[in-house]
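Chemist: First the structure, then my questions, so here it is.
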Protein chains: 2
Amino acid sequence: MRWDVAPLTLPGGFRNTPRPMAEPKENVLMEKLASLCKRRGFIFQSSEIYGGIQGFWDYGPLGAELKRNVKELWWSSMTRMRDDVVGLEATIIMHPAIWRASGHVDTFSDPMCDCLLTKKRFRADQIELQSGNAYHFIGAKDTVSGKEVSEPYAVLLAAGKPPESARKTAAQFYAQRGLQSVELLGERMEKVEGSQRFNPENGSLLTPPVPFNLMFKTYVGPTATEADVAYLRPETAQAIFAQFKNVHETSRQKVPFGVAQMGKAFRNEVTPRNYTFRSREFEQMELEFFIKPDEAVEAITGSVTTVPETGHPGEPQPSWGWQAWHHYWVQERVRFYEGIGLSLDTLGFHRQTPAELAHYARACTDILFKFPFSKRDEQGNVTGDELEGIAARSDFDLSQHERSSGKSMGIFDEELRTAFGKLPPEKQTELKDRYYQARLKYLTKSGVPVAEAGAAAQEDADGLAKGQYIPHVIEPSAGVDRLILALLANAFSEVTETDAKGKSETRVVLKFHPRVAPIKVAVLPLLKNKPELAAKARAIFESLRGHMMAFHDEAGSIGRRYARQDEAGTPFCVTVDFETFEGIKDGPQAGVKDTVTIRHRDDGKQERIAASDLLPWLLARVR
Amino acid sequence: MRWDVAPLTLPGGFRNTPRPMAEPKENVLMEKLASLCKRRGFIFQSSEIYGGIQGFWDYGPLGAELKRNVKELWWSSMTRMRDDVVGLEATIIMHPAIWRASGHVDTFSDPMCDCLLTKKRFRADQIELQSGNAYHFIGAKDTVSGKEVSEPYAVLLAAGKPPESARKTAAQFYAQRGLQSVELLGERMEKVEGSQRFNPENGSLLTPPVPFNLMFKTYVGPTATEADVAYLRPETAQAIFAQFKNVHETSRQKVPFGVAQMGKAFRNEVTPRNYTFRSREFEQMELEFFIKPDEAVEAITGSVTTVPETGHPGEPQPSWGWQAWHHYWVQERVRFYEGIGLSLDTLGFHRQTPAELAHYARACTDILFKFPFSKRDEQGNVTGDELEGIAARSDFDLSQHERSSGKSMGIFDEELRTAFGKLPPEKQTELKDRYYQARLKYLTKSGVPVAEAGAAAQEDADGLAKGQYIPHVIEPSAGVDRLILALLANAFSEVTETDAKGKSETRVVLKFHPRVAPIKVAVLPLLKNKPELAAKARAIFESLRGHMMAFHDEAGSIGRRYARQDEAGTPFCVTVDFETFEGIKDGPQAGVKDTVTIRHRDDGKQERIAASDLLPWLLARVR
């Protein structure tokens with residue numbers, strides 16, 4: 001779905017004013033949210049009856065519907081409602097060469113180190129900085145047997161602590177190496193500041209960091225040899241690149257066009273955390289939007305349009321280069337989040353600096369959500385955590401797969417060939433030269449020897465003049481599970497009501513946007529034991545359920561039933577009452593029959609409408 | 001969606017009359033289908049640019065839509081349109097204890113053997129039966145060094161073949177063991193019939209079969225020790241059992257009720273085959289429908305209803321026992337397949353015999369589809385291959401998880417407790433005794449020592465009287481990918497058209513049911529270069545796309561555009577032509593404006609309807 005939302009004007013630099021949020025409440029809110037999610041069947045711990053499995057989460061009945069709604073909205077807004085995007089659904093296990101080409105085999109890793117005493121494993125870059133006195137030993141001797149161990153070891157102590165405890169720890173270390181009565185050798189003290197080389201729990205020296213690849217590994221086929229190694233995909237994007245030519249050839253799409261995919265991805269995170277935010281099995285929604293290189297755009301349209309830093313740039317134009325497309329997709333994605341209830345003040349933005357960007361990336365803008373666990377910056381503002389990154393990745397990905405597979409990833413663009421031929425020679429030279437420089441940069445950065453790279457880049461530049469190029473790509477890449485968590489956190493609110501006796505009760509209302517709410521409408525007979533009310537409510541429910549997720553509830557007082565729906569986030573309750581049959585009691589519509597009451601979740605307000613108007617009334621609000 | 005299909009009357013024994021199908025065409029049809037699927041973007045080989053990866057298939061733009069439609073129809077008919085089923089979405093990687101409890105770690109394996117000469121691996125039970133003369137050797141000697149190898153070996157030759165070639169093969173075998181100049185020892189000939197012990201390709205003896213577990217294995221967390229082993233789920237069902245209590249407690253459902261789940265599953269098949277039918281990564285749609293044990297039903301309703309062998313039994317009744325529920329679900333599932341275009345004559349049925357059933361299973365009925373590659377039985381009838389199995393699994397699964405996890409999987413049923421208390425004592429004794437026997441059988445078959453099992457079964461029987469039991473389950477379990485393949489095979493047809501010059505051309509028409517067709521409607525201006533036609537077609541397209549997958553095509557002759565849509569399986573083409581503006585030329589509706597032509601895919605027939613009636617006309621047919 002594409003929604004009519006007024007074009008955005010984000011503040012310069014994409015950094016919003018912070019959303020006020022009281023610090024001490026943050027963890028309390030996450031606890032309340034997790035508790036509600038379990039109690040109402042949104043999210044369960046995977047394999048809970050077996051003690052759980054860290055970093056894996058299941059969606060219960062309401063959670064599964066919420067997730068389905070989010071995915072369906074993404075898919076329909078990305079593919080069905082656009083002329084220029086088609087879908088793909090590729091496998092999770094692919095040929096391992098894909099992950100060599102993408103760089104994941106070599107570089108998709110975290111640095112790990114182990115405690116030399118307890119063997120406990122740490123992510124080396126997440127160890128808190130420590131200062132104090134480090135006591136170094138060069139080895140130890142067994143005073144009984146005379147055996148010597150010449151392995152260096154060290155223990156960090158907070159400044160002022162007596163060295164005896166360091167010696168005790170060191171003795172344990174050498175005892176593990178077969179010494180019974182330990183005499184330490186070569187003690188030396190060193191002042192240490194901001195170090196990550198010691199275990200914060202016991203001061204023991206850690207092993208030097210080694211890279212730990214985050215891809216889950218398995219073996220395909222009956223012989224588990226190195227040749228059979230395969231990986232669970234750590235992202236869905238690469239399948240789109242690997243199938244680019246097949247999709248391009250079968251879909252009758254021309255560049256610029258995109259390929260969208262949703263699906264599971266897996267990362268063997270060392271420390272899964274923040275509930276479902278960073279888990280080991282998660283789902284992505286990724287678009288690879290393929291565009292012409294700027295040189296091709298300029299050859300065809302005479303210039304490359306620049307766009308303002310902020311605001312939606314409107315409908316795509318042939319003169320758009322990568323910057324305009326990147327900006328467009330950031331704006332489209334923000335529009336999507338606004339359309340499902342995440343208002344601009346709940347979001348944050350981070351535009352990666354040149355130092356943060358990978359060598360092939362030209363820009364990357366992260367869309368953040370201000371989660372309850374999000375940290376504050378130096379100014380005390382909540383910055384937020386990433387929901388989605390929109391990256392301008394140049395032609396890196398397709399180029400990598402072309403070089404690795406030996407299969408051409410280039411396309412032929414008749415319009416470019418014709419336009420290029422008509423350009424003045426000096427313009428031709430200028431464009432070819434710019435394209436040559438860009439290709440040369442990619443090739444040399446990718447390790448191709450300079451001489452070879454020069455010849456290859458020249459060939460590419462000559463190809464451009466003939467209408468050939470490898471498309472560039474803009475990649476909006478979103479995480480489904482963290483979006484679900486954002487929607488839950490955003491929807492969570494509590495109301496406290498005091499009854500006639502002065503007893504007050506606090507209950508939860510999940511204020512989901514109707515588009516994502518798991519249940520769209522609950523149909524309730526005012527009283528259960530009145531057959532005509534029950535029959536009418538049932539008939540209305542049956543007439544709605546073919547069009548949307550509806551719920552029918554007869555049990556308990558009407559107040560309790562409203563409260564249950566509020567907790568599930570159902571935006572509308574429809575009540576069939578005596579006035580439905582007897583006619584409206586008073587007011588301008590007195591005497592009108594066959595009406596129902598609609599009760600709004602967020603403010604509790606009620607209105608009466610004709611039962612026959614109910615379906616279109618609801619459809620207009622839940623789609 | 002639940003469709004109004006007349007109740008089925010399947011022939012007795014669920015085995016249908018065969019669908020006539022010409023034998024020699026079968027492989028040709030599969031080749032044509034695979035070729036079309038690649039050409040039109042239904043199915044691509046995974047990782048094709050890297051030479052592919054065996055047993056993995058990607059869905060292109062049209063295939064992804066087809067699959068989405070099938071899954072959406074299953075989900076909505078199973079959950080949204082039913083009061084008694086809720087959804088779940090669990091992770092692919094779960095706690096490994098789940099697969100120990102389910103029996104997959106111990107028994108989910110195929111027997112494998114290797115060729116002793118070439119090391120090629122075979123599935124032992126799929127080797128074709130061979131007969132001939134087997135030449136056995138007890139060892140060999142190196143005539144130069146005198147070294148002896150006393151490893152027995154054998155080679156099978158077809159009857160009548162001279163033994164010399166067997167000796168040559170044997171010499172190769174011993175040469176691999178370090179002998180340079182081989183002298184064979186202890187030659188002995190044996191007549192062999194129907195053996196699976198030899199490599200059909202070279203006659204070499206195979207290793208004895210060893211079980212090969214089909215679960216893909218990986219390691220979770222940073223240390224890859226045995227304690228970190230986890231499996232990719234080989235079925236989605238187990239997550240439903242593991243989360244049964246969470247779902248039961250949060251969904252306000254009472255037994256009988258079901259939990260539905262769709263998702264990826266993985267099996268490391270030794271020989272993936274028949275295109276996408278048996279692949280290593282696939283998707284399942286599974287329902288676990290939990291019911292009361294028959295003894296509880298009898299206690300509450302006084303008797304257990306038996307149902308006829310054939311025909312739909314109608315709406316569920318409280319008196320239904322497992323047989324009625326099993327029969328109901330077979331019929332419901334057949335109704336589903338009929339509702340998406342698989343007519344009864346394309347299906348087959350197989351009811352497992354007592355010998356085929358697992359010890360805990362009470363019945364299992366497979367719904368088969370007659371694929372082009374399906375084999376014929378002795379009578380020459382195409383039997384079909386499995387689309388879905390509907391199993392009555394007793395209380396085995398929940399009982400296993402209760403024993404393995406130590407967490408209760410039982411529920412408390414107030415209605416049962418009350419009813420049981422009111423029964424005459426002899427009836428109470430009879431029901432308790434039957435329940436005791438059933439539990440005793442489960443416990444002893446599961447390896448619990450007899451004395452312990454007796455006490456536990458007695459406790460279970462006492463619990464029943466107090467309203468406690470572990471629910472039984474009926475499991476309709478379907479494969480998405482094989483259903484997609486069935487829909488493609490079922491839809492595939494060719495038409496041959498001869499033009500005015502006598503030139504004939506054969507083209508493909510995919511006759512999908514409109515409910516599953518990837519594109520529901522194509523909107524085509526008759527001519528591209530008439531702005532008013534183009535604008536009107538575009539406007540109609542825009543008005544439809546929010547409601548269904550629609551396509552807009554201006555390029556090429558109208559005949560070519562129809563043909564392209566036929567090949568994609570689009571059931572309806574809407575054409576905007578001059579009569580749309582100028583009014584219908586002649587006939588009873590002459591002069592009426594603003595109409596469009598609808599062209600039907602399957603027979604090419606055309607009809608005119610008012611543009612304003614188009615959306616409801618289409619919705620009535622595609623939903």
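A note on labels: chains of the structure tokens are A, B, ... as shown, every chain counts residues from 1, and ligands are counted from 1 in their shown order.
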Set the distance at 8 Å and use only C-alpha atoms: which residues neighbour Thr306 in chain A once local chain neighbours fewer than 2 positions away are removed? I'd like the list as a PyMOL selection string.
Modeler: chain A and resi 304+308+320-321+323-324
Chemist: Set the distance at 8 Å and use only C-alpha atoms: which residues neighbour Glu193 in chain B once local chain neighbours fewer than 4 positions away are removed? I'd like the list as a ChimeraX atom specification.
Modeler: /B:129-132
Chemist: Could you write out that same residue set with N, CA, C and O atoms as a PDB file, in the first residue's frame?
Modeler:
```pdb
ATOM      1  N   LEU B 129      17.439 -53.669  -7.556  1.00  0.00           N
ATOM      2  CA  LEU B 129      17.728 -55.077  -7.257  1.00  0.00           C
ATOM      3  C   LEU B 129      18.546 -55.687  -8.399  1.00  0.00           C
ATOM      4  O   LEU B 129      18.217 -55.514  -9.572  1.00  0.00           O
ATOM      5  N   GLN B 130      19.604 -56.412  -8.024  1.00  0.00           N
ATOM      6  CA  GLN B 130      20.474 -56.989  -9.043  1.00  0.00           C
ATOM      7  C   GLN B 130      20.620 -58.498  -8.865  1.00  0.00           C
ATOM      8  O   GLN B 130      20.604 -59.005  -7.758  1.00  0.00           O
ATOM      9  N   SER B 131      20.827 -59.174  -9.996  1.00  0.00           N
ATOM     10  CA  SER B 131      21.049 -60.615  -9.976  1.00  0.00           C
ATOM     11  C   SER B 131      22.256 -60.947 -10.851  1.00  0.00           C
ATOM     12  O   SER B 131      22.637 -60.153 -11.714  1.00  0.00           O
ATOM     13  N   GLY B 132      22.859 -62.099 -10.611  1.00  0.00           N
ATOM     14  CA  GLY B 132      24.008 -62.516 -11.430  1.00  0.00           C
ATOM     15  C   GLY B 132      24.945 -63.397 -10.621  1.00  0.00           C
ATOM     16  O   GLY B 132      24.535 -64.060  -9.662  1.00  0.00           O
TER      17      GLY B 132
END
```
Chemist: Find the spatial neighbours of range 530-545 of chain A, counting only C-alpha atoms, within a cut-off of 9 Å - ignore same-chain residues fewer than 4 positions away - and output them as a VMD selection string.
Modeler: (chain A and resid 521 to 526 549 to 552 554 574 to 578 580 to 581 611 614 to 615) or (chain B and resid 80 to 81)
Chemist: Do you know which residues are at most 10 Å from Gly389 in chain A counting only C-alpha atoms, after dropping those on the same chain fewer than 2 positions away, and could you put them as number ranges by chain?
Modeler: A: 286, 330, 333, 349-352, 364-368, 386-387, 391-392, 475-479
Chemist: Write down as an MDAnalysis selection string the residues belonging to range 380-504 of chain A that are assigned alpha helix (DSSP H) by DSSP computed on the backbone.
Modeler: chainID A and resid 396:405 414:422 425:445 450:465 480:491
Chemist: Next, write the just-selected residues to a file, as a PDB file, in the first residue's frame, keeping C-alpha atoms as the atom set.
Modeler:
```pdb
ATOM      1  CA  PHE A 396      30.038  -3.477  -5.871  1.00  0.00           C
ATOM      2  CA  ASP A 397      27.745  -6.473  -5.293  1.00  0.00           C
ATOM      3  CA  LEU A 398      27.005  -7.371  -8.893  1.00  0.00           C
ATOM      4  CA  SER A 399      30.659  -6.750  -9.805  1.00  0.00           C
ATOM      5  CA  GLN A 400      31.811  -9.134  -7.091  1.00  0.00           C
ATOM      6  CA  HIS A 401      29.495 -11.876  -8.330  1.00  0.00           C
ATOM      7  CA  GLU A 402      30.572 -11.258 -11.915  1.00  0.00           C
ATOM      8  CA  ARG A 403      34.217 -11.671 -10.969  1.00  0.00           C
ATOM      9  CA  SER A 404      33.551 -14.702  -8.736  1.00  0.00           C
ATOM     10  CA  SER A 405      31.147 -16.616 -10.947  1.00  0.00           C
ATOM     11  CA  GLU A 414      19.669   0.501 -26.037  1.00  0.00           C
ATOM     12  CA  GLU A 415      18.684   4.004 -24.937  1.00  0.00           C
ATOM     13  CA  LEU A 416      22.172   4.604 -23.566  1.00  0.00           C
ATOM     14  CA  ARG A 417      23.871   3.293 -26.710  1.00  0.00           C
ATOM     15  CA  THR A 418      21.823   5.616 -28.922  1.00  0.00           C
ATOM     16  CA  ALA A 419      22.261   8.630 -26.637  1.00  0.00           C
ATOM     17  CA  PHE A 420      25.979   8.076 -26.205  1.00  0.00           C
ATOM     18  CA  GLY A 421      26.514   7.996 -29.962  1.00  0.00           C
ATOM     19  CA  LYS A 422      24.928  11.419 -30.298  1.00  0.00           C
ATOM     20  CA  PRO A 425      33.265  13.724 -28.556  1.00  0.00           C
ATOM     21  CA  GLU A 426      34.561  15.713 -25.590  1.00  0.00           C
ATOM     22  CA  LYS A 427      31.467  14.737 -23.536  1.00  0.00           C
ATOM     23  CA  GLN A 428      31.948  11.120 -24.538  1.00  0.00           C
ATOM     24  CA  THR A 429      35.538  11.274 -23.369  1.00  0.00           C
ATOM     25  CA  GLU A 430      34.585  12.955 -20.103  1.00  0.00           C
ATOM     26  CA  LEU A 431      31.896  10.375 -19.253  1.00  0.00           C
ATOM     27  CA  LYS A 432      34.065   7.428 -20.265  1.00  0.00           C
ATOM     28  CA  ASP A 433      36.869   8.774 -18.163  1.00  0.00           C
ATOM     29  CA  ARG A 434      34.707   9.203 -15.089  1.00  0.00           C
ATOM     30  CA  TYR A 435      33.330   5.694 -15.528  1.00  0.00           C
ATOM     31  CA  TYR A 436      36.870   4.385 -16.043  1.00  0.00           C
ATOM     32  CA  GLN A 437      37.993   5.984 -12.776  1.00  0.00           C
ATOM     33  CA  ALA A 438      35.078   4.514 -10.819  1.00  0.00           C
ATOM     34  CA  ARG A 439      35.655   1.021 -12.201  1.00  0.00           C
ATOM     35  CA  LEU A 440      39.396   1.298 -11.644  1.00  0.00           C
ATOM     36  CA  LYS A 441      38.795   2.245  -8.024  1.00  0.00           C
ATOM     37  CA  TYR A 442      36.512  -0.779  -7.499  1.00  0.00           C
ATOM     38  CA  LEU A 443      38.922  -3.163  -9.209  1.00  0.00           C
ATOM     39  CA  THR A 444      42.052  -2.050  -7.394  1.00  0.00           C
ATOM     40  CA  LYS A 445      40.294  -1.887  -4.007  1.00  0.00           C
ATOM     41  CA  VAL A 450      46.919  -2.457 -11.163  1.00  0.00           C
ATOM     42  CA  ALA A 451      47.910  -3.332 -14.737  1.00  0.00           C
ATOM     43  CA  GLU A 452      45.075  -5.800 -15.117  1.00  0.00           C
ATOM     44  CA  ALA A 453      42.641  -3.431 -13.418  1.00  0.00           C
ATOM     45  CA  GLY A 454      43.522  -0.640 -15.846  1.00  0.00           C
ATOM     46  CA  ALA A 455      42.798  -2.818 -18.873  1.00  0.00           C
ATOM     47  CA  ALA A 456      39.558  -4.109 -17.370  1.00  0.00           C
ATOM     48  CA  ALA A 457      38.381  -0.602 -16.441  1.00  0.00           C
ATOM     49  CA  GLN A 458      39.154   0.552 -19.980  1.00  0.00           C
ATOM     50  CA  GLU A 459      37.054  -2.294 -21.338  1.00  0.00           C
ATOM     51  CA  ASP A 460      34.210  -1.283 -19.029  1.00  0.00           C
ATOM     52  CA  ALA A 461      34.444   2.333 -20.177  1.00  0.00           C
ATOM     53  CA  ASP A 462      34.349   1.233 -23.817  1.00  0.00           C
ATOM     54  CA  GLY A 463      31.330  -0.936 -22.943  1.00  0.00           C
ATOM     55  CA  LEU A 464      29.518   2.059 -21.466  1.00  0.00           C
ATOM     56  CA  ALA A 465      29.766   3.816 -24.801  1.00  0.00           C
ATOM     57  CA  VAL A 480      11.107  -7.439  10.738  1.00  0.00           C
ATOM     58  CA  ASP A 481      11.570  -8.491  14.357  1.00  0.00           C
ATOM     59  CA  ARG A 482      12.978  -5.191  15.531  1.00  0.00           C
ATOM     60  CA  LEU A 483      10.141  -3.421  13.764  1.00  0.00           C
ATOM     61  CA  ILE A 484       7.662  -5.654  15.611  1.00  0.00           C
ATOM     62  CA  LEU A 485       9.408  -4.731  18.848  1.00  0.00           C
ATOM     63  CA  ALA A 486       9.243  -1.030  17.924  1.00  0.00           C
ATOM     64  CA  LEU A 487       5.529  -1.326  17.164  1.00  0.00           C
ATOM     65  CA  LEU A 488       4.922  -3.047  20.502  1.00  0.00           C
ATOM     66  CA  ALA A 489       6.973  -0.478  22.440  1.00  0.00           C
ATOM     67  CA  ASN A 490       5.283   2.357  20.594  1.00  0.00           C
ATOM     68  CA  ALA A 491       1.808   0.924  21.217  1.00  0.00           C
TER      69      ALA A 491
END
```
Chemist: Would you please extract all strand (DSSP E) residues from range 282-398 of chain B, as assigned by DSSP on the backbone, and give them as a ChimeraX atom specification?
Modeler: /B:282-291,347-351,363-369,385-392
Chemist: Can I get the selection written as a tab-separated table (two decimals), in the first residue's frame, with C-alpha atoms?
Modeler:
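The resulting file, result.tsv, is reproduced below:
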```tsv
chain	number	residue	atom	x	y	z
B	282	PHE	CA	11.20	-26.73	1.70
B	283	GLU	CA	8.19	-25.20	3.32
B	284	GLN	CA	5.46	-26.88	5.31
B	285	MET	CA	1.93	-25.95	6.34
B	286	GLU	CA	1.05	-27.94	9.42
B	287	LEU	CA	-1.88	-28.05	11.76
B	288	GLU	CA	-1.86	-29.83	15.09
B	289	PHE	CA	-5.46	-30.23	16.10
B	290	PHE	CA	-5.76	-31.19	19.75
B	291	ILE	CA	-8.71	-33.33	20.80
B	347	LEU	CA	-5.83	-36.72	-6.53
B	348	GLY	CA	-5.18	-40.14	-5.05
B	349	PHE	CA	-5.45	-41.51	-1.53
B	350	HIS	CA	-3.44	-43.91	0.49
B	351	ARG	CA	-4.55	-45.09	3.89
B	363	ALA	CA	-4.35	-43.87	11.32
B	364	CYS	CA	-2.69	-41.93	8.55
B	365	THR	CA	-4.28	-40.99	5.25
B	366	ASP	CA	-2.10	-39.51	2.54
B	367	ILE	CA	-3.56	-37.23	-0.10
B	368	LEU	CA	-1.66	-37.82	-3.34
B	369	PHE	CA	-1.42	-35.87	-6.55
B	385	ASP	CA	2.79	-38.89	-4.84
B	386	GLU	CA	2.14	-37.37	-1.45
B	387	LEU	CA	0.92	-33.79	-1.09
B	388	GLU	CA	-0.20	-34.10	2.49
B	389	GLY	CA	-0.55	-36.68	5.23
B	390	ILE	CA	-3.32	-36.54	7.81
B	391	ALA	CA	-2.20	-38.53	10.83
B	392	ALA	CA	-3.98	-39.47	14.05
```
Chemist: I want to know what sits within 6 Å of range 133-149 of chain A, based on only C-alpha atoms, with residues of the same chain fewer than 4 positions away left out; could you give that as a list of chain:residue names?
Modeler: A:Tyr153, A:Ala154, A:Val155, A:Leu156, A:Leu157, A:Ala159, A:Leu179, A:Ser181, A:Val182, A:Glu183, A:Leu184, A:Leu185, A:Gly186, A:Glu187, A:Arg188, A:Met189, A:Glu190, A:Lys191, A:Val192
Chemist: Using only C-alpha atoms, determine which residues lie at most 9 Å from Lys67 in chain B, disregarding the query and same-chain residues fewer than 3 positions distant; provide the list as a VMD selection string.
Modeler: chain B and resid 59 62 to 64 70 to 72 480 to 481 484 516 518
Chemist: May I have the selected residues written with C-alpha atoms, as an mmCIF file, in the first residue's frame?
Modeler:
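part.cif, freshly written:
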```cif
data_model
loop_
_atom_site.group_PDB
_atom_site.id
_atom_site.type_symbol
_atom_site.label_atom_id
_atom_site.label_comp_id
_atom_site.auth_asym_id
_atom_site.auth_seq_id
_atom_site.Cartn_x
_atom_site.Cartn_y
_atom_site.Cartn_z
ATOM 1 C CA TYR B 59 10.982 -18.786 -6.611
ATOM 2 C CA LEU B 62 5.627 -15.188 -10.544
ATOM 3 C CA GLY B 63 6.530 -18.207 -8.413
ATOM 4 C CA ALA B 64 6.825 -16.080 -5.284
ATOM 5 C CA VAL B 70 -1.291 -20.704 -1.627
ATOM 6 C CA LYS B 71 0.055 -19.925 1.839
ATOM 7 C CA GLU B 72 -2.397 -17.077 2.349
ATOM 8 C CA VAL B 480 4.002 -26.084 0.103
ATOM 9 C CA ASP B 481 6.559 -26.683 -2.647
ATOM 10 C CA ILE B 484 3.093 -25.498 -6.023
ATOM 11 C CA VAL B 516 -3.921 -19.046 -6.819
ATOM 12 C CA PRO B 518 -0.016 -15.003 -9.487
#
```
Chemist: Need to verify the contact set: Leu214 in chain B, 7 Å, only C-alpha atoms, exclusion of same-chain residues closer than 5 positions in sequence. Can you return it as a ChimeraX atom specification?
Modeler: /B:108-109,267-269
